[in-house]
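I have placed the structure first, in the form of structure tokens, so that the comments after it can refer back to it.
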Amino acid sequence: MAKVYYESDGDLKTLQGKTIAVIGYGSQGHAHALNLRDSGLKVIVGLPASSPSRAKAQAQKLPVVTPAEAAKQADLIAVLIPDHLQAKVYHDELAPHLGRGKTLLFAHGFSIHFKFIVPSPDVDVIMIAPKSPGHRMRELFLEKVGVPGLLAVERDASGQAEKTALAYALGVGCLKAGVIRTTFKEETETDLFGEQNVLCGGVSALIRTAFEILVEAGYQPEIAYFECLHEMKLIVDLIYQGGIKYMRYSVSDTAEYGDYTRGPVVIDQHVRETMKKILADIQSGAYAREWMKENEQGRKRFLEMRAQATGHPIEKVGAELRKMMAWNKPAAEEATAAQAQARS
């Protein structure tokens, strides 16, 4: 059984009198900074002088300095910028100010596990990974509920790394829900595998392919959209609430029978072997090296794929159909704003 920590396992006194630098003020950064501040801890935010997020952090009365100055002042440095930016910021601005007694914290193990960042041996390296988008993490903190999280200790140079991680988890609110012990390796590899095979890659490819097949067979795009994309939320909500068993209990017997008999035909042995190959590429670091190389070369292929996906007929049909849904927020505008914030 996994080791799970709760509020009684953490002590904010471990971090009191110390300075926490949150590097980045995007989806995760803003939630961590505000939750820690509201828990009574001293927080500064590290952002480049040109970052538009500076005004947002300052509006919340958070001190803002450059990442280099933040690392110089802080006892704990939380690196909460996108994976592909972390190594450069670390080497250029953070590393010169690290040393004995300092702690590096991450919310995802990518840079450490694949050794794009290799801290000096006298620095503690820990992870607190909330299992929630930052805005939801902040909302539930204010509701005094909290979101679950993961905890890992990669290096314990001080002998206090776990205590520090637990205090941080308490400060951001995760210990209210529970924090599961893991490793940087396990968190990173399972996170990438889930994103690529299920949550992002698998789901989007399955939806798009099913939509295309129905349209090619002569069915109206609007009907294909409803059956292959719109109703996905209904099913996922049921699974989220009570697991796959509860979803099967809630749908019709006809749908349940189709689940048992056709699901394994779609996700057959060939798909299982493909997933194993994807996992192998993750474990070997091949995917990580490919992604970092893509960024080093200017993201040309990535941006082309993004543009192509945005122009798919399912997006055009969906944009029109969502106008019928008065309860639905303007997702496109929110996504654009969120992307801009996450990259700043």
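Just so we're on the same page: first chain in the structure tokens is A, next is B, and so on; residues restart at 1 for each chain, and ligands are numbered from 1 in the order they show up.
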Report as a Markdown table the residues of stretch 211-304 of chain A within 12 Å of stretch 322-326 of chain A, each with its shortest atom pair and distance in Å (one decimal), using only C-alpha atoms, ordered by chain and increasing residue number.
| residue | atom | partner | partner_atom | distance |
| --- | --- | --- | --- | --- |
| A:Glu222 | CA | A:Arg322 | CA | 10.7 |
| A:Tyr225 | CA | A:Arg322 | CA | 10.6 |
| A:Phe226 | CA | A:Arg322 | CA | 10.4 |
| A:Leu229 | CA | A:Arg322 | CA | 11.6 |
| A:His230 | CA | A:Arg322 | CA | 9.3 |
Next, dump the selected residues to file, keeping only N, CA and C atoms, as a short mmCIF file (atom, residue, chain, number, x, y, z; two decimals), in the first residue's frame.
data_model
loop_
_atom_site.label_atom_id
_atom_site.label_comp_id
_atom_site.auth_asym_id
_atom_site.auth_seq_id
_atom_site.Cartn_x
_atom_site.Cartn_y
_atom_site.Cartn_z
N GLU A 222 -22.57 17.44 -37.03
CA GLU A 222 -23.12 17.87 -35.74
C GLU A 222 -23.50 16.66 -34.88
N TYR A 225 -20.37 14.97 -33.67
CA TYR A 225 -19.76 15.73 -32.58
C TYR A 225 -20.42 15.38 -31.24
N PHE A 226 -21.74 15.38 -31.22
CA PHE A 226 -22.44 15.07 -29.98
C PHE A 226 -22.11 13.66 -29.48
N LEU A 229 -17.82 13.43 -28.95
CA LEU A 229 -17.09 14.40 -28.12
C LEU A 229 -17.95 14.94 -26.98
N HIS A 230 -19.09 15.51 -27.30
CA HIS A 230 -19.90 16.17 -26.29
C HIS A 230 -20.24 15.26 -25.11
#
* Selection: 10 Å around A:Asp38, only C-alpha atoms, excl. self and same-chain fewer than 6 positions, as a PyMOL selection string -> chain A and resi 32+141-142+171-172
Selected residues written out with all heavy atoms, as a PDB file, in the first residue's frame:
ATOM      1  N   HIS A  32       0.401  28.122  -5.700  1.00  0.00           N
ATOM      2  CA  HIS A  32       1.377  27.813  -4.653  1.00  0.00           C
ATOM      3  C   HIS A  32       1.716  29.073  -3.853  1.00  0.00           C
ATOM      4  O   HIS A  32       1.718  29.058  -2.612  1.00  0.00           O
ATOM      5  CB  HIS A  32       2.655  27.244  -5.271  1.00  0.00           C
ATOM      6  CG  HIS A  32       2.533  25.838  -5.764  1.00  0.00           C
ATOM      7  ND1 HIS A  32       3.291  24.802  -5.277  1.00  0.00           N
ATOM      8  CD2 HIS A  32       1.742  25.292  -6.708  1.00  0.00           C
ATOM      9  CE1 HIS A  32       2.978  23.678  -5.903  1.00  0.00           C
ATOM     10  NE2 HIS A  32       2.027  23.960  -6.785  1.00  0.00           N
ATOM     11  N   PHE A 141      -8.426  25.418  -1.751  1.00  0.00           N
ATOM     12  CA  PHE A 141      -7.716  25.925  -0.571  1.00  0.00           C
ATOM     13  C   PHE A 141      -8.573  26.949   0.159  1.00  0.00           C
ATOM     14  O   PHE A 141      -8.698  26.912   1.386  1.00  0.00           O
ATOM     15  CB  PHE A 141      -6.388  26.549  -0.999  1.00  0.00           C
ATOM     16  CG  PHE A 141      -5.606  27.154   0.136  1.00  0.00           C
ATOM     17  CD1 PHE A 141      -4.711  26.387   0.867  1.00  0.00           C
ATOM     18  CD2 PHE A 141      -5.770  28.492   0.478  1.00  0.00           C
ATOM     19  CE1 PHE A 141      -3.982  26.945   1.924  1.00  0.00           C
ATOM     20  CE2 PHE A 141      -5.054  29.066   1.526  1.00  0.00           C
ATOM     21  CZ  PHE A 141      -4.154  28.284   2.250  1.00  0.00           C
ATOM     22  N   LEU A 142      -9.175  27.861  -0.608  1.00  0.00           N
ATOM     23  CA  LEU A 142     -10.023  28.885   0.001  1.00  0.00           C
ATOM     24  C   LEU A 142     -11.276  28.281   0.630  1.00  0.00           C
ATOM     25  O   LEU A 142     -11.834  28.838   1.584  1.00  0.00           O
ATOM     26  CB  LEU A 142     -10.408  29.929  -1.049  1.00  0.00           C
ATOM     27  CG  LEU A 142      -9.245  30.779  -1.584  1.00  0.00           C
ATOM     28  CD1 LEU A 142      -9.704  31.674  -2.735  1.00  0.00           C
ATOM     29  CD2 LEU A 142      -8.636  31.615  -0.458  1.00  0.00           C
ATOM     30  N   GLY A 171       1.385  23.810   3.689  1.00  0.00           N
ATOM     31  CA  GLY A 171       1.212  25.215   3.330  1.00  0.00           C
ATOM     32  C   GLY A 171       0.372  25.436   2.093  1.00  0.00           C
ATOM     33  O   GLY A 171      -0.397  26.392   2.023  1.00  0.00           O
ATOM     34  N   VAL A 172       0.483  24.546   1.109  1.00  0.00           N
ATOM     35  CA  VAL A 172      -0.311  24.710  -0.113  1.00  0.00           C
ATOM     36  C   VAL A 172      -1.679  24.041  -0.005  1.00  0.00           C
ATOM     37  O   VAL A 172      -2.507  24.158  -0.909  1.00  0.00           O
ATOM     38  CB  VAL A 172       0.421  24.179  -1.364  1.00  0.00           C
ATOM     39  CG1 VAL A 172       1.684  24.993  -1.624  1.00  0.00           C
ATOM     40  CG2 VAL A 172       0.725  22.699  -1.252  1.00  0.00           C
TER      41      VAL A 172
END
Selection near stretch 100-105 of chain A, 7 Å with only C-alpha atoms, sequence-local residues under 6 positions removed, as a CSV table (one decimal) with N, CA, C and O atoms, in the first residue's frame:
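This went into out.csv:
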chain,number,residue,atom,x,y,z
A,75,ASP,N,15.4,30.4,1.0
A,75,ASP,CA,15.9,29.1,1.6
A,75,ASP,C,15.3,27.9,0.8
A,75,ASP,O,16.0,26.9,0.6
A,76,LEU,N,14.1,28.1,0.2
A,76,LEU,CA,13.5,27.1,-0.6
A,76,LEU,C,13.1,27.7,-1.9
A,76,LEU,O,12.4,28.8,-1.9
A,77,ILE,N,13.5,27.1,-3.0
A,77,ILE,CA,13.1,27.6,-4.3
A,77,ILE,C,12.2,26.6,-5.0
A,77,ILE,O,12.6,25.5,-5.3
A,78,ALA,N,11.0,27.0,-5.3
A,78,ALA,CA,10.0,26.2,-6.0
A,78,ALA,C,10.0,26.5,-7.5
A,78,ALA,O,9.7,27.6,-7.9
A,79,VAL,N,10.5,25.6,-8.3
A,79,VAL,CA,10.6,25.8,-9.7
A,79,VAL,C,9.3,25.4,-10.4
A,79,VAL,O,9.0,24.2,-10.6
A,122,ASP,N,25.0,19.2,-2.2
A,122,ASP,CA,24.6,19.8,-0.9
A,122,ASP,C,23.3,20.4,-0.9
A,122,ASP,O,22.9,21.0,0.1
A,123,VAL,N,22.5,20.3,-2.0
A,123,VAL,CA,21.1,20.9,-2.0
A,123,VAL,C,20.1,19.8,-1.9
A,123,VAL,O,20.2,18.8,-2.6
A,124,ASP,N,19.1,20.0,-1.1
A,124,ASP,CA,17.9,19.1,-1.0
A,124,ASP,C,17.1,19.3,-2.2
A,124,ASP,O,16.9,20.4,-2.7
A,125,VAL,N,16.6,18.1,-2.7
A,125,VAL,CA,15.7,18.2,-3.9
A,125,VAL,C,14.5,17.4,-3.6
A,125,VAL,O,14.5,16.2,-3.3
A,126,ILE,N,13.3,18.1,-3.6
A,126,ILE,CA,12.0,17.5,-3.3
A,126,ILE,C,11.0,17.8,-4.3
A,126,ILE,O,11.2,18.7,-5.1
A,127,MET,N,9.8,17.1,-4.2
A,127,MET,CA,8.7,17.4,-5.1
A,127,MET,C,7.4,17.4,-4.3
A,127,MET,O,7.2,16.4,-3.5
A,158,SER,N,20.3,17.5,3.8
A,158,SER,CA,20.2,18.1,5.1
A,158,SER,C,19.7,17.2,6.2
A,158,SER,O,19.9,17.4,7.4
I'd like the contact shell of stretch 57-74 of chain A - 12 Å cut-off, only C-alpha atoms, skipping same-chain residues fewer than 6 positions apart - returned as a compact mmCIF listing (two decimals) with all heavy atoms, in the first residue's frame.
# COMPACT_ATOMS: atom_id res chain seq x y z
N LEU A 15 9.06 25.69 8.14
CA LEU A 15 9.33 26.72 7.15
C LEU A 15 9.19 28.14 7.68
O LEU A 15 9.48 29.10 6.96
CB LEU A 15 8.41 26.54 5.94
CG LEU A 15 8.70 25.33 5.06
CD1 LEU A 15 7.63 25.17 4.00
CD2 LEU A 15 10.07 25.44 4.42
N GLY A 17 10.06 31.55 9.35
CA GLY A 17 11.33 32.24 9.45
C GLY A 17 12.20 32.05 8.22
O GLY A 17 13.30 32.62 8.14
N LYS A 18 11.73 31.25 7.28
CA LYS A 18 12.46 31.02 6.04
C LYS A 18 11.75 31.72 4.88
O LYS A 18 10.57 32.05 4.97
CB LYS A 18 12.60 29.53 5.77
CG LYS A 18 13.40 28.80 6.85
CD LYS A 18 13.61 27.34 6.50
CE LYS A 18 14.48 26.67 7.56
NZ LYS A 18 14.74 25.24 7.25
N THR A 19 12.47 31.90 3.81
CA THR A 19 11.91 32.54 2.62
C THR A 19 11.71 31.50 1.53
O THR A 19 12.62 30.73 1.22
CB THR A 19 12.84 33.66 2.10
OG1 THR A 19 12.99 34.65 3.12
CG2 THR A 19 12.27 34.29 0.84
N ILE A 20 10.50 31.50 0.97
CA ILE A 20 10.17 30.60 -0.12
C ILE A 20 10.08 31.42 -1.40
O ILE A 20 9.32 32.39 -1.47
CB ILE A 20 8.83 29.88 0.12
CG1 ILE A 20 8.88 29.07 1.42
CG2 ILE A 20 8.47 28.98 -1.07
CD1 ILE A 20 7.53 28.51 1.83
N ALA A 21 10.85 31.03 -2.39
CA ALA A 21 10.78 31.70 -3.70
C ALA A 21 10.00 30.82 -4.66
O ALA A 21 10.35 29.66 -4.88
CB ALA A 21 12.18 31.94 -4.25
N VAL A 22 8.94 31.36 -5.22
CA VAL A 22 8.16 30.67 -6.24
C VAL A 22 8.59 31.22 -7.59
O VAL A 22 8.38 32.40 -7.88
CB VAL A 22 6.65 30.86 -6.02
CG1 VAL A 22 5.86 30.27 -7.19
CG2 VAL A 22 6.21 30.20 -4.71
N ILE A 23 9.23 30.38 -8.38
CA ILE A 23 9.71 30.79 -9.70
C ILE A 23 8.63 30.50 -10.72
O ILE A 23 8.31 29.36 -11.02
CB ILE A 23 11.01 30.06 -10.09
CG1 ILE A 23 12.04 30.16 -8.94
CG2 ILE A 23 11.56 30.61 -11.38
CD1 ILE A 23 12.44 31.57 -8.58
N GLY A 24 8.02 31.55 -11.24
CA GLY A 24 6.89 31.41 -12.15
C GLY A 24 5.60 31.80 -11.47
O GLY A 24 5.44 31.63 -10.25
N TYR A 25 4.66 32.34 -12.25
CA TYR A 25 3.37 32.74 -11.69
C TYR A 25 2.26 32.38 -12.66
O TYR A 25 1.32 33.14 -12.90
CB TYR A 25 3.37 34.25 -11.39
CG TYR A 25 2.33 34.66 -10.37
CD1 TYR A 25 2.49 34.33 -9.03
CD2 TYR A 25 1.21 35.39 -10.75
CE1 TYR A 25 1.55 34.70 -8.08
CE2 TYR A 25 0.26 35.78 -9.81
CZ TYR A 25 0.43 35.43 -8.48
OH TYR A 25 -0.51 35.80 -7.54
N GLY A 26 2.37 31.17 -13.24
CA GLY A 26 1.33 30.67 -14.13
C GLY A 26 0.31 29.86 -13.37
O GLY A 26 -0.01 30.15 -12.21
N GLY A 29 2.13 28.21 -10.30
CA GLY A 29 2.87 29.20 -9.52
C GLY A 29 1.99 30.12 -8.70
O GLY A 29 2.26 30.36 -7.51
N HIS A 30 0.92 30.63 -9.31
CA HIS A 30 0.09 31.58 -8.57
C HIS A 30 -0.61 30.89 -7.40
O HIS A 30 -0.75 31.46 -6.31
CB HIS A 30 -0.93 32.26 -9.50
CG HIS A 30 -2.23 31.54 -9.63
ND1 HIS A 30 -2.40 30.44 -10.45
CD2 HIS A 30 -3.44 31.76 -9.03
CE1 HIS A 30 -3.65 30.02 -10.35
NE2 HIS A 30 -4.30 30.80 -9.50
N ALA A 31 -1.04 29.63 -7.61
CA ALA A 31 -1.74 28.92 -6.54
C ALA A 31 -0.79 28.59 -5.38
O ALA A 31 -1.13 28.78 -4.21
CB ALA A 31 -2.36 27.64 -7.09
N HIS A 32 0.40 28.12 -5.70
CA HIS A 32 1.38 27.81 -4.65
C HIS A 32 1.72 29.07 -3.85
O HIS A 32 1.72 29.06 -2.61
CB HIS A 32 2.65 27.24 -5.27
CG HIS A 32 2.53 25.84 -5.76
ND1 HIS A 32 3.29 24.80 -5.28
CD2 HIS A 32 1.74 25.29 -6.71
CE1 HIS A 32 2.98 23.68 -5.90
NE2 HIS A 32 2.03 23.96 -6.79
N ALA A 33 2.02 30.16 -4.57
CA ALA A 33 2.44 31.39 -3.90
C ALA A 33 1.36 31.93 -2.97
O ALA A 33 1.61 32.27 -1.81
CB ALA A 33 2.82 32.44 -4.94
N LEU A 34 0.13 31.98 -3.47
CA LEU A 34 -0.95 32.55 -2.66
C LEU A 34 -1.32 31.64 -1.50
O LEU A 34 -1.57 32.11 -0.38
CB LEU A 34 -2.18 32.80 -3.55
CG LEU A 34 -2.00 33.90 -4.61
CD1 LEU A 34 -3.20 33.95 -5.54
CD2 LEU A 34 -1.78 35.26 -3.95
N ASN A 35 -1.35 30.34 -1.73
CA ASN A 35 -1.69 29.41 -0.64
C ASN A 35 -0.64 29.44 0.46
O ASN A 35 -0.96 29.45 1.66
CB ASN A 35 -1.85 27.99 -1.18
CG ASN A 35 -3.08 27.83 -2.04
OD1 ASN A 35 -3.80 28.79 -2.29
ND2 ASN A 35 -3.34 26.62 -2.51
N LEU A 36 0.64 29.46 0.08
CA LEU A 36 1.72 29.53 1.06
C LEU A 36 1.66 30.84 1.84
O LEU A 36 1.81 30.85 3.07
CB LEU A 36 3.08 29.40 0.36
CG LEU A 36 3.40 28.03 -0.26
CD1 LEU A 36 4.57 28.15 -1.22
CD2 LEU A 36 3.71 26.99 0.82
N ARG A 37 1.42 31.94 1.12
CA ARG A 37 1.31 33.24 1.78
C ARG A 37 0.15 33.26 2.78
O ARG A 37 0.29 33.73 3.92
CB ARG A 37 1.13 34.32 0.70
CG ARG A 37 1.24 35.78 1.19
CD ARG A 37 -0.10 36.37 1.66
NE ARG A 37 -1.19 36.20 0.73
CZ ARG A 37 -1.47 37.01 -0.31
NH1 ARG A 37 -0.70 38.04 -0.58
NH2 ARG A 37 -2.55 36.77 -1.06
N ASP A 38 -0.99 32.71 2.36
CA ASP A 38 -2.16 32.69 3.23
C ASP A 38 -2.01 31.72 4.39
O ASP A 38 -2.76 31.79 5.37
CB ASP A 38 -3.41 32.35 2.42
CG ASP A 38 -3.80 33.48 1.47
OD1 ASP A 38 -3.19 34.56 1.54
OD2 ASP A 38 -4.71 33.27 0.65
N LEU A 41 3.33 31.93 5.61
CA LEU A 41 4.73 31.78 5.27
C LEU A 41 5.22 32.95 4.42
O LEU A 41 4.43 33.62 3.76
CB LEU A 41 4.95 30.46 4.53
CG LEU A 41 4.56 29.21 5.33
CD1 LEU A 41 4.64 27.96 4.47
CD2 LEU A 41 5.43 29.06 6.59
N LYS A 42 6.52 33.18 4.47
CA LYS A 42 7.11 34.29 3.71
C LYS A 42 7.39 33.84 2.28
O LYS A 42 8.16 32.90 2.05
CB LYS A 42 8.41 34.74 4.37
CG LYS A 42 9.06 35.93 3.68
CD LYS A 42 10.34 36.36 4.37
CE LYS A 42 10.99 37.54 3.63
NZ LYS A 42 12.26 37.96 4.28
N VAL A 43 6.78 34.51 1.33
CA VAL A 43 6.86 34.13 -0.07
C VAL A 43 7.31 35.31 -0.92
O VAL A 43 6.83 36.43 -0.74
CB VAL A 43 5.49 33.63 -0.59
CG1 VAL A 43 5.57 33.25 -2.07
CG2 VAL A 43 4.99 32.45 0.23
N ILE A 44 8.23 35.03 -1.84
CA ILE A 44 8.57 35.99 -2.88
C ILE A 44 8.38 35.29 -4.22
O ILE A 44 8.43 34.06 -4.30
CB ILE A 44 10.00 36.55 -2.75
CG1 ILE A 44 11.03 35.40 -2.81
CG2 ILE A 44 10.15 37.35 -1.47
CD1 ILE A 44 12.47 35.89 -2.80
N VAL A 45 8.17 36.05 -5.27
CA VAL A 45 7.95 35.48 -6.60
C VAL A 45 9.10 35.90 -7.50
O VAL A 45 9.47 37.07 -7.55
CB VAL A 45 6.61 35.96 -7.19
CG1 VAL A 45 6.44 35.45 -8.62
CG2 VAL A 45 5.46 35.48 -6.32
N GLY A 46 9.66 34.93 -8.22
CA GLY A 46 10.74 35.20 -9.15
C GLY A 46 10.25 35.21 -10.58
O GLY A 46 9.79 34.18 -11.09
N LEU A 47 10.34 36.37 -11.24
CA LEU A 47 9.89 36.53 -12.63
C LEU A 47 10.85 37.46 -13.37
O LEU A 47 11.37 38.41 -12.78
CB LEU A 47 8.49 37.13 -12.67
CG LEU A 47 7.32 36.27 -12.17
CD1 LEU A 47 6.06 37.12 -12.05
CD2 LEU A 47 7.09 35.10 -13.12
N PRO A 48 11.05 37.21 -14.67
CA PRO A 48 11.87 38.13 -15.46
C PRO A 48 11.26 39.53 -15.47
O PRO A 48 10.04 39.69 -15.31
CB PRO A 48 11.84 37.52 -16.87
CG PRO A 48 11.46 36.09 -16.66
CD PRO A 48 10.57 36.06 -15.46
N ALA A 49 12.09 40.52 -15.69
CA ALA A 49 11.61 41.90 -15.71
C ALA A 49 10.55 42.13 -16.77
O ALA A 49 9.68 43.00 -16.62
CB ALA A 49 12.78 42.86 -15.92
N SER A 50 10.60 41.34 -17.84
CA SER A 50 9.66 41.52 -18.96
C SER A 50 8.36 40.73 -18.80
O SER A 50 7.47 40.83 -19.64
CB SER A 50 10.33 41.09 -20.26
OG SER A 50 10.71 39.72 -20.19
N SER A 51 8.23 39.94 -17.74
CA SER A 51 7.07 39.06 -17.60
C SER A 51 5.79 39.85 -17.32
O SER A 51 5.74 40.64 -16.36
CB SER A 51 7.29 38.06 -16.48
OG SER A 51 6.11 37.33 -16.23
N LEU A 80 8.47 26.40 -10.74
CA LEU A 80 7.12 26.14 -11.24
C LEU A 80 6.88 26.78 -12.60
O LEU A 80 5.81 27.30 -12.89
CB LEU A 80 6.09 26.64 -10.22
CG LEU A 80 6.20 26.00 -8.83
CD1 LEU A 80 5.22 26.64 -7.86
CD2 LEU A 80 5.97 24.51 -8.91
N ILE A 81 7.90 26.71 -13.45
CA ILE A 81 7.78 27.16 -14.83
C ILE A 81 7.72 25.92 -15.73
O ILE A 81 8.02 24.82 -15.29
CB ILE A 81 8.96 28.08 -15.23
CG1 ILE A 81 10.30 27.38 -14.95
CG2 ILE A 81 8.87 29.39 -14.48
CD1 ILE A 81 11.51 28.20 -15.34
N GLN A 86 12.86 25.14 -17.78
CA GLN A 86 13.47 25.01 -16.47
C GLN A 86 14.99 24.95 -16.51
O GLN A 86 15.67 25.61 -15.71
CB GLN A 86 12.92 23.78 -15.75
CG GLN A 86 11.49 23.95 -15.28
CD GLN A 86 10.97 22.73 -14.53
OE1 GLN A 86 11.71 21.79 -14.24
NE2 GLN A 86 9.69 22.75 -14.20
N LYS A 88 17.32 26.06 -18.61
CA LYS A 88 18.01 27.32 -18.90
C LYS A 88 17.90 28.29 -17.73
O LYS A 88 18.90 28.91 -17.33
CB LYS A 88 17.43 27.97 -20.17
CG LYS A 88 18.10 29.29 -20.52
CD LYS A 88 17.67 29.81 -21.87
CE LYS A 88 18.22 31.19 -22.15
NZ LYS A 88 19.67 31.30 -21.93
N VAL A 89 16.70 28.43 -17.17
CA VAL A 89 16.53 29.33 -16.02
C VAL A 89 17.36 28.84 -14.84
O VAL A 89 18.00 29.64 -14.14
CB VAL A 89 15.04 29.44 -15.64
CG1 VAL A 89 14.86 30.20 -14.33
CG2 VAL A 89 14.25 30.11 -16.75
N TYR A 90 17.38 27.53 -14.64
CA TYR A 90 18.17 26.97 -13.54
C TYR A 90 19.65 27.30 -13.71
O TYR A 90 20.29 27.85 -12.80
CB TYR A 90 17.98 25.46 -13.45
CG TYR A 90 18.92 24.82 -12.45
CD1 TYR A 90 18.63 24.84 -11.08
CD2 TYR A 90 20.11 24.23 -12.87
CE1 TYR A 90 19.50 24.29 -10.17
CE2 TYR A 90 20.98 23.67 -11.96
CZ TYR A 90 20.68 23.70 -10.61
OH TYR A 90 21.56 23.15 -9.69
N HIS A 91 20.21 26.98 -14.87
CA HIS A 91 21.64 27.17 -15.08
C HIS A 91 22.03 28.65 -15.11
O HIS A 91 23.08 29.03 -14.57
CB HIS A 91 22.07 26.48 -16.38
CG HIS A 91 21.99 25.00 -16.32
ND1 HIS A 91 22.74 24.24 -15.45
CD2 HIS A 91 21.21 24.11 -17.00
CE1 HIS A 91 22.46 22.95 -15.61
NE2 HIS A 91 21.52 22.85 -16.53
N ASP A 92 21.19 29.48 -15.72
CA ASP A 92 21.54 30.90 -15.88
C ASP A 92 21.31 31.72 -14.63
O ASP A 92 22.07 32.65 -14.34
CB ASP A 92 20.74 31.52 -17.03
CG ASP A 92 21.13 30.97 -18.39
OD1 ASP A 92 22.13 30.23 -18.47
OD2 ASP A 92 20.43 31.28 -19.37
N GLU A 93 20.24 31.39 -13.86
CA GLU A 93 19.83 32.30 -12.79
C GLU A 93 19.77 31.68 -11.40
O GLU A 93 20.00 32.36 -10.40
CB GLU A 93 18.47 32.90 -13.14
CG GLU A 93 18.47 33.63 -14.48
CD GLU A 93 17.32 34.59 -14.62
OE1 GLU A 93 17.19 35.46 -13.74
OE2 GLU A 93 16.56 34.45 -15.59
N LEU A 94 19.43 30.39 -11.31
CA LEU A 94 19.25 29.81 -9.99
C LEU A 94 20.51 29.17 -9.43
O LEU A 94 20.88 29.39 -8.26
CB LEU A 94 18.12 28.77 -10.02
CG LEU A 94 16.78 29.21 -10.62
CD1 LEU A 94 15.75 28.08 -10.50
CD2 LEU A 94 16.27 30.47 -9.94
N ALA A 95 21.18 28.37 -10.24
CA ALA A 95 22.32 27.58 -9.77
C ALA A 95 23.40 28.41 -9.07
O ALA A 95 23.95 27.97 -8.05
CB ALA A 95 22.92 26.79 -10.93
N PRO A 96 23.75 29.62 -9.57
CA PRO A 96 24.81 30.39 -8.91
C PRO A 96 24.49 30.77 -7.47
O PRO A 96 25.42 31.13 -6.72
CB PRO A 96 24.92 31.65 -9.79
CG PRO A 96 24.42 31.23 -11.13
CD PRO A 96 23.30 30.27 -10.83
N HIS A 97 23.23 30.67 -7.07
CA HIS A 97 22.83 31.10 -5.73
C HIS A 97 22.40 29.94 -4.84
O HIS A 97 21.79 30.14 -3.79
CB HIS A 97 21.71 32.13 -5.84
CG HIS A 97 22.07 33.31 -6.69
ND1 HIS A 97 22.99 34.25 -6.31
CD2 HIS A 97 21.65 33.67 -7.94
CE1 HIS A 97 23.12 35.16 -7.27
NE2 HIS A 97 22.32 34.83 -8.27
N LEU A 98 22.69 28.72 -5.28
CA LEU A 98 22.32 27.55 -4.49
C LEU A 98 23.53 27.03 -3.72
O LEU A 98 24.68 27.21 -4.12
CB LEU A 98 21.78 26.44 -5.40
CG LEU A 98 20.51 26.78 -6.18
CD1 LEU A 98 20.10 25.61 -7.05
CD2 LEU A 98 19.38 27.14 -5.23
N GLY A 99 23.24 26.35 -2.62
CA GLY A 99 24.32 25.78 -1.82
C GLY A 99 23.77 25.10 -0.59
O GLY A 99 22.55 24.89 -0.47
N GLY A 101 22.13 23.98 2.69
CA GLY A 101 21.03 24.53 3.46
C GLY A 101 19.85 24.98 2.62
O GLY A 101 18.81 25.34 3.15
N LYS A 102 20.01 24.94 1.29
CA LYS A 102 18.92 25.35 0.42
C LYS A 102 18.19 24.12 -0.14
O LYS A 102 18.74 23.03 -0.21
CB LYS A 102 19.42 26.23 -0.71
CG LYS A 102 19.99 27.56 -0.22
CD LYS A 102 19.79 28.68 -1.20
CE LYS A 102 20.22 30.01 -0.62
NZ LYS A 102 19.87 31.16 -1.48
N THR A 103 16.94 24.37 -0.54
CA THR A 103 16.09 23.30 -1.07
C THR A 103 15.52 23.70 -2.41
O THR A 103 15.05 24.82 -2.58
CB THR A 103 14.92 23.01 -0.10
OG1 THR A 103 15.44 22.58 1.16
CG2 THR A 103 14.00 21.93 -0.66
N LEU A 104 15.59 22.77 -3.35
CA LEU A 104 14.92 22.94 -4.64
C LEU A 104 13.66 22.09 -4.64
O LEU A 104 13.71 20.90 -4.31
CB LEU A 104 15.82 22.46 -5.78
CG LEU A 104 16.75 23.45 -6.46
CD1 LEU A 104 17.60 22.71 -7.50
CD2 LEU A 104 15.99 24.59 -7.10
N LEU A 105 12.54 22.69 -5.01
CA LEU A 105 11.27 21.98 -5.05
C LEU A 105 10.68 22.06 -6.45
O LEU A 105 10.74 23.10 -7.11
CB LEU A 105 10.29 22.56 -4.03
CG LEU A 105 8.91 21.90 -3.98
CD1 LEU A 105 8.41 21.78 -2.55
CD2 LEU A 105 7.88 22.67 -4.83
N GLN A 341 -0.70 32.96 -19.75
CA GLN A 341 -0.25 33.06 -18.37
C GLN A 341 0.79 31.99 -18.07
O GLN A 341 1.82 32.26 -17.44
CB GLN A 341 -1.43 32.92 -17.41
CG GLN A 341 -1.01 33.12 -15.94
CD GLN A 341 -2.17 32.88 -15.00
OE1 GLN A 341 -2.87 31.89 -15.09
NE2 GLN A 341 -2.35 33.79 -14.07
N SER A 344 4.29 32.82 -19.31
CA SER A 344 4.92 34.06 -18.87
C SER A 344 5.72 33.85 -17.61
O SER A 344 5.64 32.84 -16.96
CB SER A 344 3.86 35.14 -18.64
OG SER A 344 2.95 34.74 -17.63
* To do: Report the residues of stretch 123-168 of chain A whose backbone DSSP state falls under helix (DSSP H, G or I), written as a ChimeraX atom specification.
  => /A:134-142,161-168
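Closest approach to A:Ile223 among A:Tyr6, A:Phe211, A:Phe184, A:Trp327 is made by A:Phe211 (distances from only C-alpha atoms).
Shortest atom-to-atom contact with A:Lys13 among A:Leu321, A:Ala87, A:Leu166, A:Ala307: A:Leu166, counting only C-alpha atoms.
Distances here use only C-alpha atoms; by that measure, the residue among A:Asp9, A:Asp191, A:Glu227, A:Glu212 closest to A:Leu175 is A:Asp9.
For the pair atom CA of A:Leu199 and atom CA of A:Ser53, the interatomic distance is 28.3 Å.
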* Asked: Could you name the residues that touch A:Lys185 at 8 Å or less, counting only C-alpha atoms, but leaving out those on the same chain fewer than 2 positions away, as number ranges by chain?
  -> A: 109, 113, 183, 187-189
* DSSP strand (DSSP E) residues within stretch 33-282 of chain A, as a PyMOL selection string -> chain A and resi 42-46+64-65+76-79+103-106+124-130+149-155+179-181
* To do: Just the residues within 12 Å of A:Gly202, please, counting only C-alpha atoms, with nothing from its chain fewer than 3 positions along; format it as a PyMOL selection string.
  => chain A and resi 193-199+205-209+266-267+271+274-275+278
